[in-house]
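J.: One file: query_8.tsv (TSV, C-alpha atoms).
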chain	number	residue	atom	x	y	z
E	379	MET	CA	0.00	0.00	0.00
E	380	SER	CA	2.21	2.82	-1.34
E	381	ARG	CA	2.04	6.23	0.30
E	382	ILE	CA	3.82	9.51	-0.38
E	383	PHE	CA	4.25	12.19	2.27
E	384	LEU	CA	4.99	15.57	0.66
E	385	ILE	CA	5.99	18.28	3.12
E	386	VAL	CA	6.35	21.92	2.07
E	387	LEU	CA	8.65	23.96	4.31
E	388	ASP	CA	6.83	27.15	3.37
E	389	SER	CA	9.27	29.79	2.03
E	390	LEU	CA	12.56	27.87	2.45
E	391	GLY	CA	14.29	29.21	-0.64
E	392	ILE	CA	17.93	28.26	-1.24
E	393	GLY	CA	19.21	31.13	-3.39
E	394	ALA	CA	18.08	33.73	-5.92
E	395	MET	CA	17.02	32.43	-9.32
E	396	ASP	CA	18.58	33.84	-12.48
E	397	ASP	CA	15.55	36.10	-13.03
E	398	ALA	CA	15.33	37.30	-9.43
E	399	ALA	CA	16.29	40.87	-10.39
E	400	ALA	CA	13.05	41.20	-12.36
E	401	TYR	CA	11.21	40.57	-9.08
E	402	GLY	CA	13.41	42.90	-7.01
E	403	ASP	CA	15.06	39.94	-5.27
E	404	SER	CA	18.70	39.99	-6.36
E	405	GLY	CA	20.99	38.35	-3.82
E	406	THR	CA	18.26	36.78	-1.71
E	407	ASN	CA	18.96	33.44	-0.04
E	408	THR	CA	16.59	32.37	2.71
E	409	LEU	CA	18.57	29.33	3.83
E	410	LYS	CA	21.85	31.22	3.93
E	411	SER	CA	20.39	34.01	6.05
E	412	VAL	CA	18.82	31.54	8.46
E	413	SER	CA	21.99	29.43	8.67
E	414	LEU	CA	23.86	32.41	10.13
E	415	SER	CA	21.73	32.23	13.28
E	416	PRO	CA	23.29	30.54	16.32
E	417	TYR	CA	20.04	28.57	16.63
E	418	PHE	CA	20.44	26.86	13.25
E	419	ARG	CA	20.81	23.07	13.59
E	420	MET	CA	19.89	20.63	10.80
E	421	PRO	CA	22.09	17.54	11.22
E	422	ASN	CA	19.38	15.11	10.12
E	423	MET	CA	18.54	17.01	6.95
E	424	ARG	CA	22.28	17.23	6.27
E	425	GLU	CA	22.53	13.44	6.43
E	426	LEU	CA	19.75	13.11	3.87
E	427	GLY	CA	21.77	15.27	1.50
E	428	PHE	CA	20.11	18.67	1.93
E	429	PHE	CA	23.40	20.58	2.07
E	430	ASN	CA	24.67	18.71	-1.03
E	431	ILE	CA	22.05	20.37	-3.25
E	432	ASP	CA	23.41	22.47	-6.13
E	433	GLY	CA	24.16	26.03	-5.04
E	434	ILE	CA	24.35	25.32	-1.30
E	435	ASP	CA	28.08	26.01	-1.05
E	436	PHE	CA	27.89	27.80	2.30
E	437	LEU	CA	27.16	24.67	4.37
E	438	ALA	CA	29.14	21.44	4.59
E	439	GLY	CA	27.45	18.50	2.90
E	440	THR	CA	27.89	14.82	3.61
E	441	ASP	CA	29.96	12.21	1.77
E	442	SER	CA	27.19	9.64	2.09
E	443	PRO	CA	23.74	11.19	1.53
E	444	GLN	CA	20.78	8.98	2.36
E	445	ALA	CA	18.26	10.45	-0.10
E	446	LEU	CA	17.84	11.82	-3.58
E	447	PHE	CA	18.23	15.59	-3.72
E	448	ALA	CA	17.71	18.34	-6.27
E	449	ARG	CA	17.45	22.09	-6.75
E	450	MET	CA	14.08	23.17	-8.15
E	451	LYS	CA	13.52	26.08	-10.52
E	452	GLU	CA	10.14	27.86	-10.65
E	453	ALA	CA	8.77	27.99	-14.21
E	454	SER	CA	5.66	29.97	-13.28
E	455	LYS	CA	5.45	33.76	-13.33
E	456	GLY	CA	5.31	34.60	-9.67
E	457	LYS	CA	6.73	33.92	-6.24
E	458	ASP	CA	3.76	33.35	-4.00
E	459	THR	CA	2.15	30.48	-2.13
E	460	THR	CA	-0.67	29.84	-4.58
E	461	VAL	CA	1.45	29.78	-7.74
E	462	GLY	CA	4.20	27.80	-6.01
E	463	HIS	CA	1.87	25.08	-4.74
E	464	TRP	CA	0.00	24.87	-8.03
E	465	GLU	CA	3.31	24.30	-9.79
E	466	ILE	CA	4.34	21.66	-7.26
E	467	ALA	CA	1.04	19.98	-8.20
E	468	GLY	CA	1.87	20.16	-11.92
E	469	LEU	CA	0.23	23.41	-13.04
E	470	ILE	CA	2.51	26.12	-14.42
E	471	SER	CA	1.10	29.67	-14.34
E	472	GLU	CA	2.10	31.43	-17.57
E	473	LYS	CA	0.70	34.77	-16.38
E	474	PRO	CA	1.27	36.26	-12.95
E	475	LEU	CA	-1.75	36.69	-10.73
E	476	PRO	CA	-2.77	40.36	-10.32
E	477	THR	CA	-1.09	42.45	-7.65
E	478	TYR	CA	-1.99	45.90	-6.34
E	479	PRO	CA	1.07	47.95	-5.33
E	480	PHE	CA	-1.12	51.08	-5.13
E	481	GLY	CA	-4.16	49.46	-3.53
E	482	PHE	CA	-7.38	48.08	-4.99
E	483	PRO	CA	-9.44	50.14	-7.46
E	484	ASP	CA	-12.48	52.09	-6.31
E	485	ASP	CA	-15.00	49.88	-8.10
E	486	ILE	CA	-13.77	46.79	-6.24
E	487	LEU	CA	-13.92	48.49	-2.86
E	488	SER	CA	-17.29	50.13	-3.57
E	489	ALA	CA	-18.79	46.74	-4.39
E	490	PHE	CA	-17.19	45.24	-1.29
E	491	CYS	CA	-18.45	47.99	1.04
E	492	GLY	CA	-21.92	47.88	-0.50
E	493	ARG	CA	-22.26	44.14	0.13
E	494	THR	CA	-20.70	44.09	3.61
E	495	GLY	CA	-22.27	47.29	4.91
E	496	ARG	CA	-18.91	48.35	6.33
E	497	GLY	CA	-16.31	50.87	5.25
E	498	TYR	CA	-12.61	50.16	4.93
E	499	LEU	CA	-9.26	51.42	6.15
E	500	CYS	CA	-5.76	51.35	4.64
E	501	ASN	CA	-6.02	49.80	1.14
E	502	MET	CA	-2.25	49.65	0.67
E	503	PRO	CA	0.48	47.02	0.70
E	504	TYR	CA	1.36	46.55	4.36
E	505	SER	CA	2.98	44.20	6.84
E	506	GLY	CA	0.29	42.24	8.66
E	507	THR	CA	1.61	43.08	12.11
E	508	ASP	CA	2.21	46.74	11.26
E	509	VAL	CA	-1.24	47.24	9.77
E	510	ILE	CA	-3.06	46.27	12.96
E	511	ARG	CA	-0.68	48.42	14.97
E	512	ASP	CA	-1.30	51.46	12.76
E	513	TYR	CA	-5.03	51.01	12.03
E	514	GLY	CA	-6.25	48.91	14.96
E	515	ASP	CA	-7.46	51.82	17.08
E	516	GLU	CA	-9.40	53.40	14.22
E	517	HIS	CA	-10.92	50.03	13.40
E	518	LEU	CA	-12.10	49.64	17.01
E	519	ASN	CA	-13.65	53.09	16.99
E	520	SER	CA	-15.24	53.02	13.53
E	521	GLY	CA	-15.94	49.34	12.85
E	522	LYS	CA	-14.41	49.75	9.41
E	523	LEU	CA	-12.53	46.76	8.05
E	524	ILE	CA	-8.77	46.91	7.56
E	525	VAL	CA	-8.20	45.98	3.92
E	526	TYR	CA	-4.63	45.59	2.73
E	527	THR	CA	-2.42	43.67	0.33
E	528	SER	CA	1.27	42.84	-0.16
E	529	ALA	CA	3.64	42.15	-3.03
E	530	ASP	CA	1.67	38.92	-3.49
E	531	SER	CA	-1.69	38.48	-5.15
E	532	VAL	CA	-3.78	38.81	-1.98
E	533	PHE	CA	-6.76	40.73	-0.63
E	534	GLN	CA	-6.46	40.65	3.16
E	535	ILE	CA	-9.10	41.65	5.69
E	536	ALA	CA	-8.04	42.28	9.28
E	537	ALA	CA	-10.65	42.69	12.01
E	538	HIS	CA	-10.70	42.52	15.81
E	539	GLU	CA	-12.60	39.49	17.02
E	540	ASP	CA	-14.59	41.63	19.49
E	541	ILE	CA	-15.78	43.90	16.67
E	542	VAL	CA	-16.21	41.33	13.90
E	543	PRO	CA	-16.83	37.75	15.05
E	544	LEU	CA	-14.95	35.09	13.09
E	545	GLU	CA	-17.95	33.77	11.19
E	546	GLU	CA	-18.84	37.30	10.10
E	547	LEU	CA	-15.25	37.93	8.97
E	548	TYR	CA	-15.32	34.69	6.98
E	549	ARG	CA	-18.58	35.80	5.33
E	550	TYR	CA	-16.93	39.08	4.32
E	551	CYS	CA	-14.06	37.09	2.79
E	552	GLU	CA	-16.53	35.01	0.80
E	553	ILE	CA	-18.07	38.24	-0.48
E	554	ALA	CA	-14.64	39.53	-1.49
E	555	ARG	CA	-13.79	36.23	-3.16
E	556	ALA	CA	-16.94	36.45	-5.29
E	557	ILE	CA	-16.11	40.04	-6.32
E	558	LEU	CA	-12.47	39.35	-7.12
E	559	SER	CA	-12.75	37.38	-10.32
E	560	GLY	CA	-11.70	37.78	-13.94
E	561	GLU	CA	-8.97	40.39	-14.33
E	562	HIS	CA	-9.08	40.97	-10.56
E	563	GLY	CA	-8.88	37.26	-9.70
E	564	VAL	CA	-6.32	37.47	-6.90
E	565	GLY	CA	-4.69	34.27	-5.71
E	566	ARG	CA	-6.09	34.48	-2.21
E	567	VAL	CA	-8.53	36.39	-0.04
E	568	ILE	CA	-7.30	36.02	3.54
E	569	ALA	CA	-9.12	36.51	6.83
E	570	ARG	CA	-6.74	38.05	9.36
E	571	PRO	CA	-8.45	38.19	12.77
E	572	PHE	CA	-6.70	39.79	15.72
E	573	SER	CA	-7.30	40.50	19.40
E	574	GLY	CA	-5.86	42.59	22.23
E	575	THR	CA	-5.88	46.24	23.17
E	576	ALA	CA	-4.30	49.38	21.74
E	577	GLY	CA	-0.53	48.98	21.68
E	578	ASN	CA	-0.87	45.26	22.27
E	579	PHE	CA	-2.74	43.88	19.28
E	580	LYS	CA	-1.85	40.38	18.13
E	581	ARG	CA	-3.04	38.10	15.37
E	582	THR	CA	-5.09	35.08	16.39
E	583	SER	CA	-5.16	31.57	14.95
E	584	GLY	CA	-8.42	32.08	13.04
E	585	ARG	CA	-6.73	32.90	9.74
E	586	HIS	CA	-8.54	31.40	6.77
E	587	ASP	CA	-7.60	31.53	3.08
E	588	TYR	CA	-10.07	31.68	0.19
E	589	SER	CA	-8.10	30.71	-2.88
E	590	LEU	CA	-8.72	31.05	-6.56
E	591	PRO	CA	-9.41	27.52	-7.88
E	592	PRO	CA	-6.50	26.10	-9.90
E	593	GLN	CA	-6.74	27.21	-13.52
E	594	GLY	CA	-6.13	23.72	-14.89
E	595	GLU	CA	-5.71	20.08	-13.93
E	596	THR	CA	-3.37	19.17	-11.07
E	597	MET	CA	-1.99	15.91	-9.75
E	598	LEU	CA	-4.54	16.14	-6.94
E	599	ASP	CA	-7.41	15.95	-9.42
E	600	ILE	CA	-5.81	12.98	-11.18
E	601	MET	CA	-5.10	11.06	-7.99
E	602	LYS	CA	-8.53	11.62	-6.51
E	603	GLU	CA	-10.22	10.62	-9.78
E	604	ALA	CA	-8.17	7.40	-9.72
E	605	GLY	CA	-9.57	6.57	-6.29
E	606	LEU	CA	-6.44	7.35	-4.29
E	607	SER	CA	-6.48	9.23	-1.00
E	608	VAL	CA	-5.41	12.88	-1.25
E	609	ILE	CA	-4.97	14.24	2.27
E	610	GLY	CA	-4.31	17.91	2.98
E	611	VAL	CA	-2.61	18.97	6.23
E	612	GLY	CA	-2.48	22.65	7.14
E	613	LYS	CA	-3.61	25.15	4.51
E	614	ILE	CA	-3.40	22.74	1.55
E	615	LYS	CA	-7.19	22.53	1.19
E	616	ASP	CA	-7.44	26.31	1.08
E	617	ILE	CA	-4.62	26.72	-1.47
E	618	PHE	CA	-6.43	24.42	-3.91
E	619	ALA	CA	-9.90	25.72	-3.03
E	620	GLY	CA	-10.76	22.19	-1.88
E	621	ARG	CA	-10.30	20.72	-5.35
E	622	GLY	CA	-8.75	17.28	-5.58
E	623	ILE	CA	-8.76	16.83	-1.80
E	624	SER	CA	-10.41	13.74	-0.31
E	625	GLU	CA	-9.61	14.47	3.35
E	626	TYR	CA	-8.11	17.40	5.22
E	627	THR	CA	-7.20	18.77	8.60
E	628	TYR	CA	-6.28	22.33	9.55
E	629	THR	CA	-3.41	23.10	11.91
E	630	LYS	CA	-2.60	26.00	14.20
E	631	ASP	CA	1.21	25.85	13.84
E	632	ASN	CA	4.16	23.83	12.57
E	633	ALA	CA	4.23	21.55	15.61
E	634	GLU	CA	0.63	20.51	15.04
E	635	GLY	CA	1.30	20.10	11.32
E	636	ILE	CA	4.14	17.68	12.07
E	637	ASP	CA	2.02	15.83	14.63
E	638	LYS	CA	-0.90	15.49	12.19
E	639	THR	CA	1.49	14.16	9.55
E	640	LEU	CA	2.78	11.61	12.06
E	641	ASP	CA	-0.83	10.58	12.73
E	642	TYR	CA	-1.31	9.87	9.02
E	643	LEU	CA	2.00	8.00	8.87
E	644	ARG	CA	0.47	5.58	11.36
E	645	LYS	CA	-2.70	5.08	9.33
E	646	ASP	CA	-3.47	2.80	6.41
E	647	PHE	CA	-4.21	4.52	3.09
E	648	ARG	CA	-2.93	4.53	-0.47
E	649	GLY	CA	-2.11	7.88	-1.97
E	650	LEU	CA	-0.72	11.25	-0.94
E	651	CYS	CA	-0.47	13.18	2.33
E	652	PHE	CA	0.35	16.79	1.39
E	653	THR	CA	1.49	18.98	4.31
E	654	ASN	CA	2.22	22.71	4.48
E	655	LEU	CA	4.23	24.05	7.43
E	656	VAL	CA	3.42	27.75	7.27
E	657	ASP	CA	5.19	29.17	10.35
E	658	PHE	CA	8.51	29.55	8.51
E	659	ASP	CA	6.87	32.06	6.17
E	660	MET	CA	4.10	33.62	8.24
E	661	LEU	CA	5.86	34.05	11.58
E	662	TYR	CA	9.51	34.41	10.65
E	663	GLY	CA	10.22	35.15	6.98
E	664	HIS	CA	7.71	38.00	6.73
E	665	ARG	CA	8.96	39.44	10.02
E	666	ASN	CA	12.67	39.31	9.15
E	667	ASP	CA	13.19	37.01	12.14
E	668	ALA	CA	16.13	34.82	11.15
E	669	CYS	CA	16.56	33.38	14.64
E	670	GLY	CA	12.90	32.42	14.90
E	671	TYR	CA	13.14	30.83	11.47
E	672	ALA	CA	16.27	28.92	12.53
E	673	LYS	CA	14.58	27.63	15.67
E	674	ALA	CA	11.60	26.42	13.63
E	675	LEU	CA	13.88	24.63	11.14
E	676	SER	CA	15.83	23.06	13.98
E	677	TYR	CA	12.57	21.81	15.51
E	678	PHE	CA	11.57	20.22	12.20
E	679	ASP	CA	14.98	18.59	11.98
E	680	GLU	CA	14.61	17.21	15.51
E	681	LYS	CA	11.30	15.62	14.52
E	682	LEU	CA	12.65	14.22	11.24
E	683	PRO	CA	13.93	10.90	12.70
E	684	GLU	CA	10.44	10.24	14.08
E	685	LEU	CA	8.91	10.91	10.67
E	686	LEU	CA	11.43	8.63	8.97
E	687	SER	CA	10.91	5.84	11.49
E	688	GLU	CA	7.21	5.62	10.61
E	689	LEU	CA	7.80	5.18	6.87
E	690	ARG	CA	6.91	1.77	5.47
E	691	GLU	CA	8.83	-0.19	2.84
E	692	ASP	CA	7.07	1.35	-0.18
E	693	ASP	CA	6.59	4.87	1.22
E	694	LEU	CA	8.31	8.02	0.04
E	695	LEU	CA	9.00	11.19	2.01
E	696	MET	CA	9.41	14.30	-0.15
E	697	ILE	CA	10.48	17.64	1.34
E	698	THR	CA	10.40	20.88	-0.66
E	699	ALA	CA	9.37	24.56	-0.56
E	700	ASP	CA	7.15	26.87	-2.58
E	701	HIS	CA	9.22	30.11	-2.82
E	702	GLY	CA	11.61	32.09	-0.65
E	703	CYS	CA	11.11	34.69	2.09
E	704	ASP	CA	14.58	35.82	3.09
E	705	PRO	CA	14.56	37.16	6.68
E	706	GLY	CA	17.98	38.68	6.09
E	707	TYR	CA	16.84	40.78	3.14
E	708	LEU	CA	16.01	43.95	5.03
E	709	GLU	CA	14.78	45.88	1.99
E	710	SER	CA	11.58	43.84	2.03
E	711	THR	CA	9.47	41.47	4.11
E	712	ASP	CA	7.86	39.93	1.04
E	713	HIS	CA	8.44	36.61	-0.71
E	714	SER	CA	11.58	36.20	-2.79
E	715	ARG	CA	12.14	34.58	-6.19
E	716	GLU	CA	14.43	31.68	-5.22
E	717	TYR	CA	15.28	28.12	-6.08
E	718	THR	CA	13.79	25.58	-3.71
E	719	PRO	CA	15.11	22.26	-2.37
E	720	LEU	CA	13.83	18.76	-3.02
E	721	ILE	CA	14.59	15.73	-0.89
E	722	ILE	CA	13.16	12.31	-1.77
E	723	TYR	CA	13.72	9.55	0.78
E	724	GLY	CA	12.50	5.98	0.67
E	725	LYS	CA	13.78	2.74	2.16
E	726	LYS	CA	14.11	1.30	-1.35
E	727	VAL	CA	15.46	4.44	-3.05
E	728	LEU	CA	19.12	4.77	-4.01
E	729	PRO	CA	20.55	8.22	-3.12
E	730	GLU	CA	21.53	10.44	-6.03
E	731	ASN	CA	22.08	14.07	-6.98
E	732	LEU	CA	19.32	14.95	-9.47
E	733	GLY	CA	20.91	18.34	-10.23
E	734	THR	CA	18.78	21.37	-11.04
E	735	ARG	CA	15.25	20.65	-12.27
E	736	GLU	CA	13.50	23.03	-14.66
E	737	THR	CA	10.19	23.20	-12.81
E	738	PHE	CA	8.56	22.44	-9.47
E	739	ALA	CA	6.10	20.39	-11.56
E	740	ASP	CA	8.67	17.57	-11.68
E	741	ILE	CA	7.43	16.77	-8.18
E	742	ALA	CA	3.90	16.13	-9.45
E	743	ALA	CA	5.18	14.11	-12.39
E	744	THR	CA	7.27	11.98	-10.03
E	745	ILE	CA	4.32	11.34	-7.72
E	746	LEU	CA	2.00	10.34	-10.56
E	747	ALA	CA	4.65	8.05	-12.04
E	748	TYR	CA	5.08	6.37	-8.67
E	749	PHE	CA	1.39	5.42	-8.77
E	750	ASN	CA	1.48	4.58	-12.52
E	751	LEU	CA	-0.84	7.47	-13.34
E	752	THR	CA	-0.78	9.92	-16.22
E	753	GLY	CA	-2.49	13.24	-16.89
E	754	SER	CA	-2.21	16.59	-18.61
E	755	ILE	CA	0.23	18.16	-16.17
E	756	ALA	CA	3.63	19.77	-16.67
E	757	GLY	CA	6.91	18.34	-15.49
E	758	LYS	CA	9.09	15.29	-15.98
E	759	PRO	CA	9.35	12.53	-13.38
E	760	CYS	CA	12.54	12.17	-11.38
E	761	HIS	CA	13.80	8.71	-12.28
E	762	PHE	CA	15.56	6.92	-9.49
E	763	GLU	CA	17.10	3.52	-8.96
E	764	PRO	CA	16.04	1.07	-6.26
E	765	LYS	CA	18.54	0.06	-3.62
E	766	ALA	CA	20.16	-3.30	-4.21
E	767	LYS	CA	18.55	-6.05	-2.19
E	768	ASN	CA	20.53	-7.33	0.78
E	769	LEU	CA	21.34	-10.92	-0.08
E	770	ASN	CA	22.79	-11.78	3.33
Now that the file is in, can you turn its structure into C-alpha cells?

T.:
Amino acid sequence: MSRIFLIVLDSLGIGAMDDAAAYGDSGTNTLKSVSLSPYFRMPNMRELGFFNIDGIDFLAGTDSPQALFARMKEASKGKDTTVGHWEIAGLISEKPLPTYPFGFPDDILSAFCGRTGRGYLCNMPYSGTDVIRDYGDEHLNSGKLIVYTSADSVFQIAAHEDIVPLEELYRYCEIARAILSGEHGVGRVIARPFSGTAGNFKRTSGRHDYSLPPQGETMLDIMKEAGLSVIGVGKIKDIFAGRGISEYTYTKDNAEGIDKTLDYLRKDFRGLCFTNLVDFDMLYGHRNDACGYAKALSYFDEKLPELLSELREDDLLMITADHGCDPGYLESTDHSREYTPLIIYGKKVLPENLGTRETFADIAATILAYFNLTGSIAGKPCHFEPKAKNLN
C-alpha cells in the first residue's frame, strides 16, 4: 500500500534564481540568512543530502547522503504560495496573478463595502503586524474593516474578534472572493483576525484563506479521480480551493502540522499526504526574524527521525518549498524569487544528486509516475534507482 508524504517547508528558498532581479530579489537566499543564526541546527537534513544540493556552497554537505536531492527552478510567473503550490502539483502559471502595489481600485472596494455594509481602512500594501498596529485603534472606533495587500496576489481583511466575530469575517471574505474574479482574480482572499488592546494587538489563529481555484488540472485531481487518497494537512485545502482533496485537517502551527502528519504515517491509506508548514513564512520570513526561522527549522529537523521511522517499505517522504522569504533581506518582508530544495527519501530508493530541475512540476510528475498514473500536467518525473537487495 504505497504512500507519499509531501511536506512543504513554506518559504525555504535556497538562493536567488537567475531572473530574481526582475522581481526585485537579487541576492536573496533564505537558507543562507537563516543558517547564520546561532540557533540553526539541521544535522538530520544534512545526512539526507540537503546541504549537497546544487548552489548550497555555504554549508558542509555529507559524503554519504541517504536520499535523492535536487534544486528546483520555478517555471511559473510569480513567487507566492498559490502559484508555487500549483506548480508543485503540476500546473505552471504562464501569467502572474494580479497584484496591487497602489491598492485596490475604487470599483472593487465600492462593491465590497456595498455588500458588507462596512467601510474600509488602509487599502495599501502593508505588513500584517504593522497594519493592525497602525489602524487597529481606528478600526475599534469606527468598525471599518482593515483591507490591505502585499507584493503577493492577496486581498487581506483584518478585524478585531470583538468587533467582527470570526464567522462574520469569513462571510466578508466570501463576499470579497466572489467580487475578485476575472482580471481581478487574486490568488487568495485572507481573513486576518486579531485581538488585544491598543498597543498590544496580536493576530489570532483564526486565519482562513479563500483561494482562486487552480486554472487547470493538477496531480490532486488525477489522484482523486483514480480513487487514491489525497490528504491535505495545514492550509493545503485552502490553497487548492478544496479541489482534488479527499480528506483534510487544519493546523494552528508547525508543531501541530508535524504531529498530524505523524498521525497519518500511522494510518493505512494509499495515496498522498500533502502537508504545508506555514510558520517559517508567516511568523519568521515575513517578520525578518532569522533566529525564529532557525529555531523552527531546527525543531523540524529534531522531529525528522520520528517521521522517517514511521515510513513503510514502499513509502516516500518528499520535502520541498514553494518560494523564498529571506529574513535577512532587510529591503523587504515579502516573498523572494528563489530556487527551492527537493529531498526524496525511501527505504528502497538509491541516493543520487538529481541536479537542477527546470520546474517544481517535476514533483507532481514523479508522484504520478510512482502510482502509474498519467495526466495533462507539466513536469518530468525524477527517475531513481532502487537500492540493491541485501542478499545476506

J.: Give me, as JSON lines, the closest atom pair and its distance (Å, one decimal) for every residue of stretch 544-583 of chain E within a cut-off of 12 Å of stretch 615-625 of chain E, counting all atoms listed in the file, rows sorted by chain and rising number.

T.:
{"residue": "E:Arg555", "atom": "CA", "partner": "E:Ala619", "partner_atom": "CA", "distance": 11.2}
{"residue": "E:Gly565", "atom": "CA", "partner": "E:Ile617", "partner_atom": "CA", "distance": 8.7}
{"residue": "E:Arg566", "atom": "CA", "partner": "E:Ile617", "partner_atom": "CA", "distance": 7.9}
{"residue": "E:Val567", "atom": "CA", "partner": "E:Asp616", "partner_atom": "CA", "distance": 10.2}
{"residue": "E:Ile568", "atom": "CA", "partner": "E:Asp616", "partner_atom": "CA", "distance": 10.0}
{"residue": "E:Ala569", "atom": "CA", "partner": "E:Asp616", "partner_atom": "CA", "distance": 11.8}

J.: Taking all atoms listed in the file into account, name the residue in E:Gly506, E:Gly612, E:Pro591, E:Gly706 that is nearest to E:Leu661.

T.: E:Gly506

J.: Would you please work out which residue, of E:Ser589, E:Ile609, E:Phe447, E:Ala743, is nearest to E:Asp432 when using all atoms listed in the file?

T.: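 Of E:Ser589, E:Ile609, E:Phe447, E:Ala743, the one nearest E:Asp432 is E:Phe447, counting all atoms listed in the file.
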
J.: Find the distance between atom CA of E:Val525 and atom CA of E:Gly574 and write it in Å to one decimal.

T.: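 That distance, rounded to one decimal, is 18.8 Å.
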
J.: What does the distance from atom CA of E:Cys500 to atom CA of E:Ser404 come to in Å, to one decimal?

T.: 29.1 Å

J.: Which neighbours of stretch 477-483 of chain E fall inside 8 Å, counting only C-alpha atoms, when residues of the same chain fewer than 3 positions from it are skipped, and could you give them as a list in words?

T.: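 Residues near the query, excluding close chain neighbours: Ile486, Leu487, Asn501, Met502, Pro503, Tyr526, Thr527, Ser528, Ala529, Asp530, Ser531, Val532 and Val564 of chain E.
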
J.: How many Å separate atom CA of E:Glu736 from atom CA of E:Lys410?

T.: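 Those two atoms sit 22.0 Å apart.
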
J.: Find the residues around stretch 732-735 of chain E up to 7 Å (all atoms listed in the file counted), leave out those fewer than 5 positions away in its own chain, and share them as a ChimeraX atom specification.

T.: /E:432,446-451

J.: Would you output that residue set with C-alpha atoms, as a PDB file, keeping the file's coordinate frame?

T.:
ATOM      1  CA  ASP E 432      23.410  22.470  -6.130  1.00  0.00           C
ATOM      2  CA  LEU E 446      17.840  11.820  -3.580  1.00  0.00           C
ATOM      3  CA  PHE E 447      18.230  15.590  -3.720  1.00  0.00           C
ATOM      4  CA  ALA E 448      17.710  18.340  -6.270  1.00  0.00           C
ATOM      5  CA  ARG E 449      17.450  22.090  -6.750  1.00  0.00           C
ATOM      6  CA  MET E 450      14.080  23.170  -8.150  1.00  0.00           C
ATOM      7  CA  LYS E 451      13.520  26.080 -10.520  1.00  0.00           C
TER       8      LYS E 451
END

J.: Using only C-alpha atoms, can you tell me which of E:Glu425, E:Glu634, E:Asp388, E:Glu603 comes closest to E:Gly702?

T.: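 Using only C-alpha atoms, the shortest distance to E:Gly702 belongs to E:Asp388.
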
J.: Can you tell me, as JSON, the centre and edge lengths (Å, one decimal) of the axis-aligned box enclosing all of stretch 696-704 of chain E's listed atoms after padding each side by 3 Å?

T.:
{"center_x": 10.9, "center_y": 25.1, "center_z": 0.1, "size_x": 13.4, "size_y": 27.5, "size_z": 11.9}

J.: Nearest residue to E:Thr711 out of E:Tyr677, E:Phe749, E:Tyr662, E:Tyr628, using only C-alpha atoms?

T.: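 The shortest atom-to-atom distance to E:Thr711 comes from E:Tyr662.
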
J.: Pick out the closest residue to E:Pro416 from this set: E:Phe647, E:Tyr671, E:Tyr548, E:Phe429. Count all atoms listed in the file.

T.: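 With all atoms listed in the file as the atom set, the closest residue is E:Tyr671.
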
J.: Measuring atom to atom with only C-alpha atoms, identify which of E:Gly405, E:Gly433, E:Gly584, E:Gly468 is nearest to E:Asp599.

T.: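 Closest candidate: E:Gly468.
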
J.: Please work out which residues fall within 7 Å of (7.0, 33.2, 3.0), coordinates as given in the file, with all atoms listed in the file counting, and return them as an NGL selection string.

T.: :E and (388-389 or 658-660 or 663-664 or 701-703 or 713)
